[in-house]
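One file, final.txt, is given below (compact mmCIF, C-alpha atoms (C1' of nucleotides)).
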```txt
# COMPACT_ATOMS: atom_id res chain seq x y z
CA MET T 955 -7.51 -29.25 -5.19
CA LEU T 956 -3.96 -27.96 -4.98
CA ASN T 957 -1.17 -29.99 -3.48
CA PRO T 958 0.86 -28.44 -0.65
CA ASP T 959 3.78 -27.48 -2.87
CA THR T 960 1.74 -25.59 -5.41
CA LEU T 961 -0.22 -24.01 -2.62
CA GLN T 962 2.97 -22.71 -1.09
CA PHE T 963 4.14 -21.49 -4.47
CA VAL T 964 0.94 -19.52 -4.95
CA GLU T 965 1.23 -18.04 -1.51
CA ARG T 966 4.83 -16.99 -1.93
CA MET T 967 4.03 -15.40 -5.24
CA GLY T 968 1.38 -13.41 -3.42
CA LEU T 969 3.91 -12.16 -0.92
CA ALA T 970 6.48 -11.41 -3.60
CA MET T 971 4.01 -9.37 -5.61
CA GLU T 972 2.97 -7.54 -2.52
CA ARG T 973 6.56 -6.50 -2.02
CA LEU T 974 6.58 -5.18 -5.56
CA GLY T 975 3.72 -2.85 -4.78
CA LEU T 976 0.90 -5.01 -6.11
CA THR T 977 -1.70 -6.80 -4.03
CA ARG T 978 -1.42 -10.22 -2.50
CA THR T 979 -4.51 -11.54 -4.20
CA PHE T 980 -3.22 -10.36 -7.53
CA GLY T 981 0.01 -12.22 -6.90
CA ARG T 982 -1.80 -15.36 -5.89
CA LEU T 983 -3.89 -15.20 -9.02
CA PHE T 984 -0.79 -14.78 -11.12
CA GLY T 985 0.89 -17.67 -9.34
CA LEU T 986 -2.11 -19.91 -9.77
CA LEU T 987 -2.25 -19.25 -13.49
CA LEU T 988 1.45 -19.97 -13.71
CA ILE T 989 1.26 -23.44 -12.26
CA ALA T 990 -2.06 -24.32 -13.89
CA ASP T 991 -1.72 -26.76 -16.76
CA ARG T 992 -4.75 -25.34 -18.52
CA PRO T 993 -6.66 -22.04 -18.67
CA LEU T 994 -8.88 -21.44 -15.65
CA SER T 995 -12.35 -19.94 -15.32
CA LEU T 996 -13.26 -17.23 -12.85
CA ASP T 997 -15.15 -19.64 -10.65
CA GLU T 998 -12.32 -22.12 -10.59
CA ILE T 999 -9.90 -19.41 -9.58
CA ALA T 1000 -12.25 -18.09 -6.93
CA GLU T 1001 -12.64 -21.54 -5.47
CA GLN T 1002 -8.92 -22.32 -5.39
CA LEU T 1003 -8.02 -18.97 -3.90
CA HIS T 1004 -10.95 -18.75 -1.52
CA VAL T 1005 -11.87 -15.29 -2.65
CA SER T 1006 -15.07 -13.88 -4.12
CA LYS T 1007 -15.71 -14.05 -7.82
CA ALA T 1008 -15.96 -10.28 -7.85
CA SER T 1009 -12.41 -9.96 -6.65
CA VAL T 1010 -11.19 -12.47 -9.19
CA SER T 1011 -13.03 -10.62 -11.94
CA THR T 1012 -11.31 -7.31 -11.24
CA ASN T 1013 -7.93 -8.81 -10.55
CA ALA T 1014 -7.98 -11.03 -13.61
CA ARG T 1015 -8.98 -8.12 -15.77
CA SER T 1016 -6.21 -5.91 -14.46
CA CYS T 1017 -3.85 -8.80 -14.98
CA GLU T 1018 -5.04 -8.87 -18.56
CA GLN T 1019 -4.71 -5.12 -19.03
CA ILE T 1020 -1.16 -5.15 -17.73
CA GLY T 1021 -0.45 -7.78 -20.36
CA LEU T 1022 0.40 -10.68 -18.08
CA ALA T 1023 -2.64 -12.82 -18.82
CA ARG T 1024 -5.23 -13.17 -21.54
CA ARG T 1025 -8.66 -14.60 -22.01
CA VAL T 1026 -9.13 -17.64 -24.11
CA GLY T 1027 -12.24 -19.43 -25.22
CA LEU T 1028 -12.86 -23.14 -24.96
CA ARG T 1029 -15.24 -24.71 -27.43
CA GLY T 1030 -18.60 -25.58 -26.09
CA ASP T 1031 -18.17 -23.26 -23.14
CA ARG T 1032 -19.15 -19.64 -22.95
CA ARG T 1033 -17.13 -18.90 -19.84
CA ASP T 1034 -13.96 -16.81 -19.91
CA PHE T 1035 -10.78 -18.71 -19.29
CA TYR T 1036 -7.56 -17.04 -18.30
CA GLU T 1037 -4.01 -18.06 -18.99
CA ILE T 1038 -0.58 -16.47 -18.71
CA VAL T 1039 0.66 -14.96 -21.97
CA PRO T 1040 4.06 -16.06 -23.30
CA GLY T 1041 6.66 -13.48 -22.39
CA ALA T 1042 4.77 -12.26 -19.38
CA PHE T 1043 7.93 -11.82 -17.35
CA GLU T 1044 9.50 -9.71 -20.04
CA ARG T 1045 6.40 -7.56 -19.97
CA MET T 1046 6.55 -7.26 -16.25
CA THR T 1047 10.16 -6.21 -16.40
CA ARG T 1048 9.44 -3.63 -19.06
CA ARG T 1049 6.97 -2.07 -16.72
CA ARG T 1050 9.67 -1.73 -14.13
CA VAL T 1051 12.03 -0.19 -16.62
CA GLN T 1052 9.48 2.57 -16.95
CA SER T 1053 10.23 3.65 -13.42
CA ILE T 1054 13.90 3.93 -14.30
CA HIS T 1055 13.08 6.34 -17.07
CA GLU T 1056 10.81 8.21 -14.74
CA MET T 1057 13.66 8.64 -12.31
CA ALA T 1058 15.85 9.99 -15.07
CA GLY T 1059 13.12 12.46 -15.92
CA LEU T 1060 12.86 13.49 -12.30
CA ALA T 1061 16.59 14.05 -12.13
CA ALA T 1062 16.45 16.34 -15.14
CA GLU T 1063 13.62 18.23 -13.51
CA GLY T 1064 15.62 18.55 -10.34
CA LEU T 1065 18.60 19.94 -12.20
CA VAL T 1066 16.42 22.70 -13.56
CA ALA T 1067 15.09 23.40 -10.09
CA VAL T 1068 18.49 23.79 -8.44
CA GLY T 1069 19.85 26.12 -11.09
CA ASP T 1070 23.25 26.28 -12.74
CA ASP T 1071 25.43 27.12 -9.75
CA GLU T 1072 27.71 24.40 -8.50
CA SER T 1073 26.42 22.73 -5.36
CA PRO T 1074 26.24 19.34 -3.65
CA ALA T 1075 22.63 19.10 -4.75
CA ARG T 1076 23.60 19.64 -8.35
CA ASP T 1077 26.28 16.98 -8.12
CA ARG T 1078 23.85 14.49 -6.67
CA LEU T 1079 21.23 15.15 -9.30
CA THR T 1080 23.82 14.84 -12.03
CA GLU T 1081 24.88 11.48 -10.63
CA MET T 1082 21.23 10.49 -10.47
CA LEU T 1083 20.62 11.47 -14.07
CA ASP T 1084 23.71 9.68 -15.34
CA PHE T 1085 22.92 6.55 -13.39
CA TYR T 1086 19.34 6.20 -14.52
CA LEU T 1087 20.12 7.08 -18.12
CA PHE T 1088 22.76 4.38 -18.08
CA MET T 1089 20.55 1.84 -16.41
CA GLY T 1090 17.53 2.55 -18.56
CA GLU T 1091 19.50 2.19 -21.75
CA GLN T 1092 21.37 -0.93 -20.69
CA VAL T 1093 18.39 -2.80 -19.35
CA GLU T 1094 16.52 -2.13 -22.57
CA GLU T 1095 19.46 -3.69 -24.33
CA LEU T 1096 19.31 -6.70 -22.06
CA LEU T 1097 15.68 -7.20 -22.97
CA GLU T 1098 16.59 -6.98 -26.63
CA ARG T 1099 19.23 -9.63 -26.18
CA TRP T 1100 16.80 -11.85 -24.36
CA ARG T 1101 14.28 -11.46 -27.10
CA GLU T 1102 16.85 -12.41 -29.70
CA VAL T 1103 17.78 -15.60 -27.91
CA LYS T 1104 14.42 -16.75 -26.61
CA GLY T 1105 11.75 -14.73 -28.34
CA MET G 1097 11.23 28.31 1.88
CA LEU G 1098 11.20 26.16 -1.24
CA ASN G 1099 10.71 27.62 -4.67
CA PRO G 1100 7.91 26.20 -6.84
CA ASP G 1101 10.23 24.07 -8.94
CA THR G 1102 11.87 22.31 -6.04
CA LEU G 1103 8.52 21.92 -4.39
CA GLN G 1104 7.20 20.19 -7.46
CA PHE G 1105 10.28 18.01 -7.60
CA VAL G 1106 9.77 16.92 -4.01
CA GLU G 1107 6.14 16.18 -4.67
CA ARG G 1108 6.81 14.12 -7.77
CA MET G 1109 9.45 12.15 -5.96
CA GLY G 1110 6.82 11.39 -3.38
CA LEU G 1111 4.49 10.05 -6.02
CA ALA G 1112 7.24 8.09 -7.74
CA MET G 1113 8.27 6.42 -4.51
CA GLU G 1114 4.69 5.62 -3.75
CA ARG G 1115 4.47 3.78 -7.04
CA LEU G 1116 7.53 1.79 -6.02
CA GLY G 1117 5.76 0.54 -2.93
CA LEU G 1118 7.17 3.04 -0.44
CA THR G 1119 5.24 5.85 1.18
CA ARG G 1120 4.70 9.32 -0.17
CA THR G 1121 6.20 11.05 2.82
CA PHE G 1122 9.27 8.89 2.55
CA GLY G 1123 9.63 9.91 -1.08
CA ARG G 1124 9.19 13.56 -0.27
CA LEU G 1125 11.83 13.31 2.41
CA PHE G 1126 14.19 11.63 0.00
CA GLY G 1127 13.48 14.28 -2.63
CA LEU G 1128 14.01 17.10 -0.18
CA LEU G 1129 17.37 15.73 0.89
CA LEU G 1130 18.32 15.36 -2.75
CA ILE G 1131 17.80 19.00 -3.66
CA ALA G 1132 19.09 20.37 -0.36
CA ASP G 1133 22.51 21.97 -0.63
CA ARG G 1134 23.34 21.08 2.96
CA PRO G 1135 22.36 18.46 5.55
CA LEU G 1136 19.00 19.13 7.17
CA SER G 1137 17.79 18.72 10.73
CA LEU G 1138 14.59 16.93 11.69
CA ASP G 1139 12.83 20.19 12.48
CA GLU G 1140 13.83 21.76 9.20
CA ILE G 1141 12.53 18.75 7.30
CA ALA G 1142 9.30 18.71 9.29
CA GLU G 1143 8.73 22.37 8.55
CA GLN G 1144 9.43 22.12 4.82
CA LEU G 1145 7.29 19.03 4.40
CA HIS G 1146 4.50 20.12 6.74
CA VAL G 1147 4.55 16.88 8.65
CA SER G 1148 5.10 16.11 12.30
CA LYS G 1149 8.58 15.67 13.66
CA ALA G 1150 7.59 12.19 14.77
CA SER G 1151 6.91 11.18 11.21
CA VAL G 1152 10.17 12.67 10.02
CA SER G 1153 12.03 10.84 12.76
CA THR G 1154 10.78 7.43 11.74
CA ASN G 1155 11.03 8.07 8.00
CA ALA G 1156 14.52 9.51 8.22
CA ARG G 1157 15.68 6.60 10.28
CA SER G 1158 14.28 4.06 7.87
CA CYS G 1159 15.90 6.05 5.07
CA GLU G 1160 19.15 5.66 6.94
CA GLN G 1161 18.68 1.96 7.56
CA ILE G 1162 18.00 1.31 3.92
CA GLY G 1163 21.27 3.02 3.19
CA LEU G 1164 19.96 6.00 1.25
CA ALA G 1165 20.77 8.69 3.81
CA ARG G 1166 23.07 9.13 6.78
CA ARG G 1167 23.35 11.31 9.84
CA VAL G 1168 26.09 13.86 10.03
CA GLY G 1169 27.09 16.17 12.84
CA LEU G 1170 27.70 19.87 12.53
CA ARG G 1171 30.12 21.47 14.97
CA GLY G 1172 28.55 23.47 17.72
CA ASP G 1173 25.21 21.78 17.17
CA ARG G 1174 23.98 18.69 18.86
CA ARG G 1175 21.12 18.09 16.46
CA ASP G 1176 21.12 15.26 13.92
CA PHE G 1177 21.49 16.31 10.33
CA TYR G 1178 20.60 14.07 7.43
CA GLU G 1179 22.07 13.93 3.97
CA ILE G 1180 21.91 11.58 1.01
CA VAL G 1181 24.81 9.15 0.84
CA PRO G 1182 26.86 8.99 -2.36
CA GLY G 1183 25.74 6.06 -4.47
CA ALA G 1184 22.27 6.05 -3.02
CA PHE G 1185 20.70 5.21 -6.37
CA GLU G 1186 22.95 2.26 -6.84
CA ARG G 1187 21.88 1.04 -3.42
CA MET G 1188 18.28 1.52 -4.28
CA THR G 1189 18.67 -0.45 -7.48
CA ARG G 1190 20.49 -3.27 -5.72
CA ARG G 1191 17.49 -3.62 -3.50
CA ARG G 1192 15.32 -4.10 -6.53
CA VAL G 1193 17.67 -6.65 -8.02
CA GLN G 1194 16.92 -8.73 -4.95
CA SER G 1195 13.41 -9.23 -6.21
CA ILE G 1196 14.76 -10.61 -9.46
CA HIS G 1197 16.65 -13.29 -7.59
CA GLU G 1198 13.61 -13.95 -5.52
CA MET G 1199 11.61 -14.56 -8.67
CA ALA G 1200 14.23 -17.01 -9.90
CA GLY G 1201 13.96 -18.82 -6.60
CA LEU G 1202 10.21 -18.94 -6.90
CA ALA G 1203 10.46 -20.37 -10.38
CA ALA G 1204 12.69 -23.16 -9.13
CA GLU G 1205 10.22 -23.86 -6.38
CA GLY G 1206 7.41 -23.96 -8.89
CA LEU G 1207 9.26 -26.45 -11.04
CA VAL G 1208 9.48 -28.78 -8.10
CA ALA G 1209 5.79 -28.33 -7.42
CA VAL G 1210 4.63 -29.20 -10.93
CA GLY G 1211 6.76 -32.34 -11.18
CA ASP G 1212 8.77 -33.73 -14.07
CA ASP G 1213 6.02 -34.38 -16.57
CA GLU G 1214 5.90 -32.15 -19.59
CA SER G 1215 3.17 -29.52 -19.36
CA PRO G 1216 2.42 -25.91 -20.25
CA ALA G 1217 3.00 -25.01 -16.61
CA ARG G 1218 6.43 -26.58 -16.69
CA ASP G 1219 7.31 -24.71 -19.87
CA ARG G 1220 6.23 -21.42 -18.36
CA LEU G 1221 8.17 -21.96 -15.17
CA THR G 1222 11.24 -22.94 -17.15
CA GLU G 1223 10.96 -19.74 -19.14
CA MET G 1224 10.51 -17.85 -15.90
CA LEU G 1225 13.59 -19.40 -14.36
CA ASP G 1226 15.74 -18.77 -17.42
CA PHE G 1227 14.59 -15.21 -17.72
CA TYR G 1228 15.20 -14.21 -14.14
CA LEU G 1229 18.52 -16.01 -13.96
CA PHE G 1230 19.58 -14.14 -17.06
CA MET G 1231 18.31 -10.81 -15.80
CA GLY G 1232 19.71 -11.16 -12.33
CA GLU G 1233 23.15 -12.00 -13.60
CA GLN G 1234 23.21 -9.32 -16.26
CA VAL G 1235 21.92 -6.52 -14.09
CA GLU G 1236 24.54 -7.32 -11.48
CA GLU G 1237 27.08 -6.97 -14.24
CA LEU G 1238 25.63 -3.61 -15.19
CA LEU G 1239 26.05 -2.39 -11.64
CA GLU G 1240 29.64 -3.58 -11.70
CA ARG G 1241 30.30 -1.67 -14.87
CA TRP G 1242 28.74 1.44 -13.42
CA ARG G 1243 30.84 1.14 -10.34
CA GLU G 1244 33.99 0.83 -12.46
CA VAL G 1245 33.20 3.98 -14.39
CA LYS G 1246 31.73 6.21 -11.72
CA GLY G 1247 32.44 4.65 -8.35
C1' DT Q 1118 20.64 20.99 39.95
C1' DC Q 1119 17.39 22.70 37.34
C1' DG Q 1120 15.83 23.62 32.80
C1' DC Q 1121 15.98 23.22 28.00
C1' DA Q 1122 16.63 21.14 23.48
C1' DC Q 1123 16.39 17.08 20.95
C1' DG Q 1124 15.07 12.55 19.31
C1' DT Q 1125 12.19 8.59 20.10
C1' DT Q 1126 8.16 6.03 21.25
C1' DC Q 1127 3.34 5.00 21.90
C1' DA Q 1128 -1.57 5.22 21.84
C1' DG Q 1129 -5.10 7.12 19.10
C1' DT Q 1130 -6.89 8.74 14.67
C1' DA Q 1131 -7.84 8.97 9.99
C1' DT Q 1132 -7.33 7.51 5.50
C1' DT Q 1133 -6.64 4.41 2.08
C1' DG Q 1134 -7.94 0.57 -0.52
C1' DA Q 1135 -8.92 -4.32 -1.23
C1' DC Q 1136 -12.46 -7.55 -0.68
C1' DT Q 1137 -17.49 -9.08 -0.27
C1' DA Q 1138 -22.34 -9.56 -1.20
C1' DA Q 1139 -25.96 -8.31 -3.89
C1' DA Q 1140 -27.99 -6.26 -7.81
C1' DC Q 1141 -27.60 -5.79 -12.67
C1' DG Q 1142 -27.16 -6.56 -17.78
C1' DT Q 1143 -26.34 -9.82 -21.23
C1' DT Q 1144 -26.27 -13.91 -23.67
C1' DC Q 1145 -27.30 -18.63 -24.28
C1' DT Q 1146 -30.73 -22.62 -23.56
C1' DT Q 1147 -35.04 -24.94 -23.41
C1' DA P 1377 -40.49 -16.22 -23.55
C1' DA P 1378 -38.84 -17.56 -19.28
C1' DG P 1379 -35.00 -19.01 -16.87
C1' DA P 1380 -30.26 -20.05 -16.05
C1' DA P 1381 -25.36 -19.09 -16.37
C1' DC P 1382 -21.69 -15.49 -16.50
C1' DG P 1383 -19.21 -11.49 -15.88
C1' DT P 1384 -19.35 -6.82 -14.17
C1' DT P 1385 -20.41 -3.15 -11.15
C1' DT P 1386 -21.39 -0.82 -6.86
C1' DA P 1387 -22.25 0.25 -2.18
C1' DG P 1388 -20.54 -1.08 2.10
C1' DT P 1389 -17.31 -3.25 5.33
C1' DC P 1390 -13.12 -4.18 7.19
C1' DA P 1391 -8.23 -4.21 7.95
C1' DA P 1392 -3.86 -2.23 7.32
C1' DT P 1393 -0.98 1.53 8.16
C1' DA P 1394 0.95 6.09 7.96
C1' DC P 1395 0.62 10.15 10.52
C1' DT P 1396 -0.22 13.08 14.83
C1' DG P 1397 0.18 14.74 19.60
C1' DA P 1398 1.84 13.92 23.86
C1' DA P 1399 4.68 11.74 27.02
C1' DC P 1400 9.19 10.09 27.80
C1' DG P 1401 14.32 9.59 28.20
C1' DT P 1402 18.65 11.73 27.62
C1' DG P 1403 22.30 14.74 27.68
C1' DC P 1404 23.91 19.48 27.44
C1' DG P 1405 24.24 24.15 29.38
C1' DA P 1406 23.50 27.85 32.74
```
File written out as structure tokens:
Amino acid sequence: MLNPDTLQFVERMGLAMERLGLTRTFGRLFGLLLIADRPLSLDEIAEQLHVSKASVSTNARSCEQIGLARRVGLRGDRRDFYEIVPGAFERMTRRRVQSIHEMAGLAAEGLVAVGDDESPARDRLTEMLDFYLFMGEQVEELLERWREVKG
Amino acid sequence: MLNPDTLQFVERMGLAMERLGLTRTFGRLFGLLLIADRPLSLDEIAEQLHVSKASVSTNARSCEQIGLARRVGLRGDRRDFYEIVPGAFERMTRRRVQSIHEMAGLAAEGLVAVGDDESPARDRLTEMLDFYLFMGEQVEELLERWREVKG
DNA sequence: TCGCACGTTCAGTATTGACTAAACGTTCTT
DNA sequence: AAGAACGTTTAGTCAATACTGAACGTGCGA
């Protein structure tokens, strides 16, 4: 059973993830794995979260595919156990950097669409392109620096 | 009428925004205002986007409240016209930096929940806290730098 | 003062999508 | 070989929510 503090942590992680465009259950799963002191099986997760095993199965797998969690085996047990991978947060952030690059790409597309003539639209799109190119590049650098120190 | 390129731009912006947790119509509205060479009225937007004026009204207002667009008046016209505010992308990014700080806060909360004993969970949460503190601080600095150069 | 133009709001609708229960396939165990 | 334990898949349900049409309030203009 989870104590009140961890329970609140799990719940808040659910809400936070929801705000990031993911689902609440996914966030809760991620939070649960974070505060677990050992890898958890599907049934354990389902019980703690009060959701069906089917839901846990899909969510855990997508969590794995995104690169935030991984399956591990425990000797003498043929169940799948899940745990958070080291550097999961870095991974998560890299995913978000993708959207920065996407915005830069969109800006370039927009510049083509508005043509070469000077216009407020062109100015805005130029600002957009500059901003996201700058941000994309710099955040990548931040991740590099982090990796050097901690990785 | 919109040419095919701008139409595609608007549509892709809709999809991109959707991926960021906002709605498609909101994204399309934002995209339309971006490539417009003058402020647009509610009816104009509704016509271009093929959505009801009611939907445009709410979306445009939320766009304004977020700080991405603003209303402007045109002489001899009592309609509301909307345009993108300068620095809208910076604003948008600042909103996303919020979630970084939130994650740092969650990590701190998690550390309290797991207690002082050494454990994998504690290690993970410590890594989480360090990472998001680092990122939050550094990205703020990036925005400062951008503002110095461009703002 | 009426009528019109405009923006907002509200109830209703439709769509999306996450979750559940049950069936299924597979792999161990006895 | 039969049965149990697991994970996955799928059809179906349910809730959330964005959008629509219509009514409403407001202020301008004739």
Proximity to chain T - best of P:DA1399, P:DT1385, P:DA1380, P:DT1393, only C-alpha atoms (C1' of nucleotides): P:DT1385
Using only C-alpha atoms and a distance of at most 8 Å, pull out the residues of chain T that contact chain G, as a PyMOL selection string. chain T and resi 959-960+963+966-967+970+973-975+988-992+1040+1043-1044+1053+1056-1057+1060+1063-1064+1066-1068+1073-1076+1078-1079+1082+1085+1089+1092-1093+1096+1100
Can those selected residues be exported to a file as a short mmCIF file (atom, residue, chain, number, x, y, z; two decimals), keeping the file's coordinate frame so that it contains C-alpha atoms?
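Wrote it out as result-v7.cif, contents follow:
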```cif
data_model
loop_
_atom_site.label_atom_id
_atom_site.label_comp_id
_atom_site.auth_asym_id
_atom_site.auth_seq_id
_atom_site.Cartn_x
_atom_site.Cartn_y
_atom_site.Cartn_z
CA ASP T 959 3.78 -27.48 -2.87
CA THR T 960 1.74 -25.59 -5.41
CA PHE T 963 4.14 -21.49 -4.47
CA ARG T 966 4.83 -16.99 -1.93
CA MET T 967 4.03 -15.40 -5.24
CA ALA T 970 6.48 -11.41 -3.60
CA ARG T 973 6.56 -6.50 -2.02
CA LEU T 974 6.58 -5.18 -5.56
CA GLY T 975 3.72 -2.85 -4.78
CA LEU T 988 1.45 -19.97 -13.71
CA ILE T 989 1.26 -23.44 -12.26
CA ALA T 990 -2.06 -24.32 -13.89
CA ASP T 991 -1.72 -26.76 -16.76
CA ARG T 992 -4.75 -25.34 -18.52
CA PRO T 1040 4.06 -16.06 -23.30
CA PHE T 1043 7.93 -11.82 -17.35
CA GLU T 1044 9.50 -9.71 -20.04
CA SER T 1053 10.23 3.65 -13.42
CA GLU T 1056 10.81 8.21 -14.74
CA MET T 1057 13.66 8.64 -12.31
CA LEU T 1060 12.86 13.49 -12.30
CA GLU T 1063 13.62 18.23 -13.51
CA GLY T 1064 15.62 18.55 -10.34
CA VAL T 1066 16.42 22.70 -13.56
CA ALA T 1067 15.09 23.40 -10.09
CA VAL T 1068 18.49 23.79 -8.44
CA SER T 1073 26.42 22.73 -5.36
CA PRO T 1074 26.24 19.34 -3.65
CA ALA T 1075 22.63 19.10 -4.75
CA ARG T 1076 23.60 19.64 -8.35
CA ARG T 1078 23.85 14.49 -6.67
CA LEU T 1079 21.23 15.15 -9.30
CA MET T 1082 21.23 10.49 -10.47
CA PHE T 1085 22.92 6.55 -13.39
CA MET T 1089 20.55 1.84 -16.41
CA GLN T 1092 21.37 -0.93 -20.69
CA VAL T 1093 18.39 -2.80 -19.35
CA LEU T 1096 19.31 -6.70 -22.06
CA TRP T 1100 16.80 -11.85 -24.36
#
```
If I take atom CA of Arg1024 of chain T and atom CA of Leu1111 of chain G, how far is one from the other in Å, to one decimal? 29.6 Å
Non-local contacts of Thr979 of chain T (9 Å; only C-alpha atoms (C1' of nucleotides); under 4 positions in same chain excluded) as a PDB file with C-alpha atoms (C1' of nucleotides), keeping the file's coordinate frame:
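Saved as around_22.pdb:
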```pdb
ATOM      1  CA  GLY T 968       1.380 -13.410  -3.420  1.00  0.00           C
ATOM      2  CA  MET T 971       4.010  -9.370  -5.610  1.00  0.00           C
ATOM      3  CA  GLU T 972       2.970  -7.540  -2.520  1.00  0.00           C
ATOM      4  CA  LEU T 983      -3.890 -15.200  -9.020  1.00  0.00           C
ATOM      5  CA  PHE T 984      -0.790 -14.780 -11.120  1.00  0.00           C
ATOM      6  CA  LEU T1003      -8.020 -18.970  -3.900  1.00  0.00           C
ATOM      7  CA  VAL T1005     -11.870 -15.290  -2.650  1.00  0.00           C
ATOM      8  CA  SER T1009     -12.410  -9.960  -6.650  1.00  0.00           C
ATOM      9  CA  VAL T1010     -11.190 -12.470  -9.190  1.00  0.00           C
ATOM     10  CA  ASN T1013      -7.930  -8.810 -10.550  1.00  0.00           C
TER      11      ASN T1013
ATOM     12  C1'  DA Q1135      -8.920  -4.320  -1.230  1.00  0.00           C
TER      13       DA Q1135
END
```
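Atom CA of Gly1021 of chain T lies 18.5 Å from atom CA of Ile999 of chain T.
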Can you measure atom CA of Ala1023 of chain T to atom C1' of DT1386 of chain P for me? One decimal in Å is fine.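 According to the coordinates, atom CA of Ala1023 of chain T and atom C1' of DT1386 of chain P are separated by 25.3 Å.
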Select residues of chain G: the criterion is any atom within 8 Å of an atom of chain Q, counting only C-alpha atoms (C1' of nucleotides); output as a PyMOL selection string. chain G and resi 1150+1153+1175
Selected residue, from G:Glu1107, G:Phe1122, G:Ser1148, G:Leu1164, that lies nearest to chain P when counting only C-alpha atoms (C1' of nucleotides):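 Among G:Glu1107, G:Phe1122, G:Ser1148, G:Leu1164, it is G:Ser1148 that comes nearest to chain P.
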Taking all atoms listed in the file into account, produce a table as JSON lines in which each residue of chain P with an atom at most 9 Å from an atom of chain T appears once, together with its shortest atom pair and the distance in Å to one decimal, ordered by chain and rising number.
```
{"residue": "P:DA1381", "atom": "C1'", "partner": "T:Arg1033", "partner_atom": "CA", "distance": 8.9}
{"residue": "P:DC1382", "atom": "C1'", "partner": "T:Arg1033", "partner_atom": "CA", "distance": 6.6}
{"residue": "P:DG1383", "atom": "C1'", "partner": "T:Ser1011", "partner_atom": "CA", "distance": 7.4}
{"residue": "P:DT1384", "atom": "C1'", "partner": "T:Ser1011", "partner_atom": "CA", "distance": 7.7}
```
Any chance you could build segment 1115-1128 of chain G out to N, CA and C atoms and write it as a CSV table (one decimal), keeping the file's coordinate frame?
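This went into out_32.csv:
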```csv
chain,number,residue,atom,x,y,z
G,1115,ARG,N,4.7,4.8,-6.0
G,1115,ARG,CA,4.5,3.8,-7.0
G,1115,ARG,C,5.4,2.6,-6.9
G,1116,LEU,N,6.5,2.9,-6.2
G,1116,LEU,CA,7.5,1.8,-6.0
G,1116,LEU,C,7.3,1.0,-4.7
G,1117,GLY,N,6.1,1.3,-4.1
G,1117,GLY,CA,5.8,0.5,-2.9
G,1117,GLY,C,6.1,1.2,-1.6
G,1118,LEU,N,6.8,2.3,-1.7
G,1118,LEU,CA,7.2,3.0,-0.4
G,1118,LEU,C,6.1,4.1,-0.2
G,1119,THR,N,6.3,4.9,0.9
G,1119,THR,CA,5.2,5.8,1.2
G,1119,THR,C,5.6,7.2,0.6
G,1120,ARG,N,4.5,8.0,0.5
G,1120,ARG,CA,4.7,9.3,-0.2
G,1120,ARG,C,5.6,10.2,0.7
G,1121,THR,N,5.4,10.2,1.9
G,1121,THR,CA,6.2,11.0,2.8
G,1121,THR,C,7.7,10.7,2.7
G,1122,PHE,N,7.9,9.4,2.7
G,1122,PHE,CA,9.3,8.9,2.6
G,1122,PHE,C,9.9,9.5,1.3
G,1123,GLY,N,9.1,9.4,0.2
G,1123,GLY,CA,9.6,9.9,-1.1
G,1123,GLY,C,9.9,11.4,-1.0
G,1124,ARG,N,9.0,12.1,-0.4
G,1124,ARG,CA,9.2,13.6,-0.3
G,1124,ARG,C,10.4,13.9,0.5
G,1125,LEU,N,10.6,13.1,1.6
G,1125,LEU,CA,11.8,13.3,2.4
G,1125,LEU,C,13.1,13.1,1.6
G,1126,PHE,N,13.0,12.0,0.9
G,1126,PHE,CA,14.2,11.6,0.0
G,1126,PHE,C,14.4,12.7,-1.0
G,1127,GLY,N,13.4,13.2,-1.6
G,1127,GLY,CA,13.5,14.3,-2.6
G,1127,GLY,C,14.0,15.6,-2.0
G,1128,LEU,N,13.5,15.9,-0.8
G,1128,LEU,CA,14.0,17.1,-0.2
G,1128,LEU,C,15.5,17.0,0.1
```
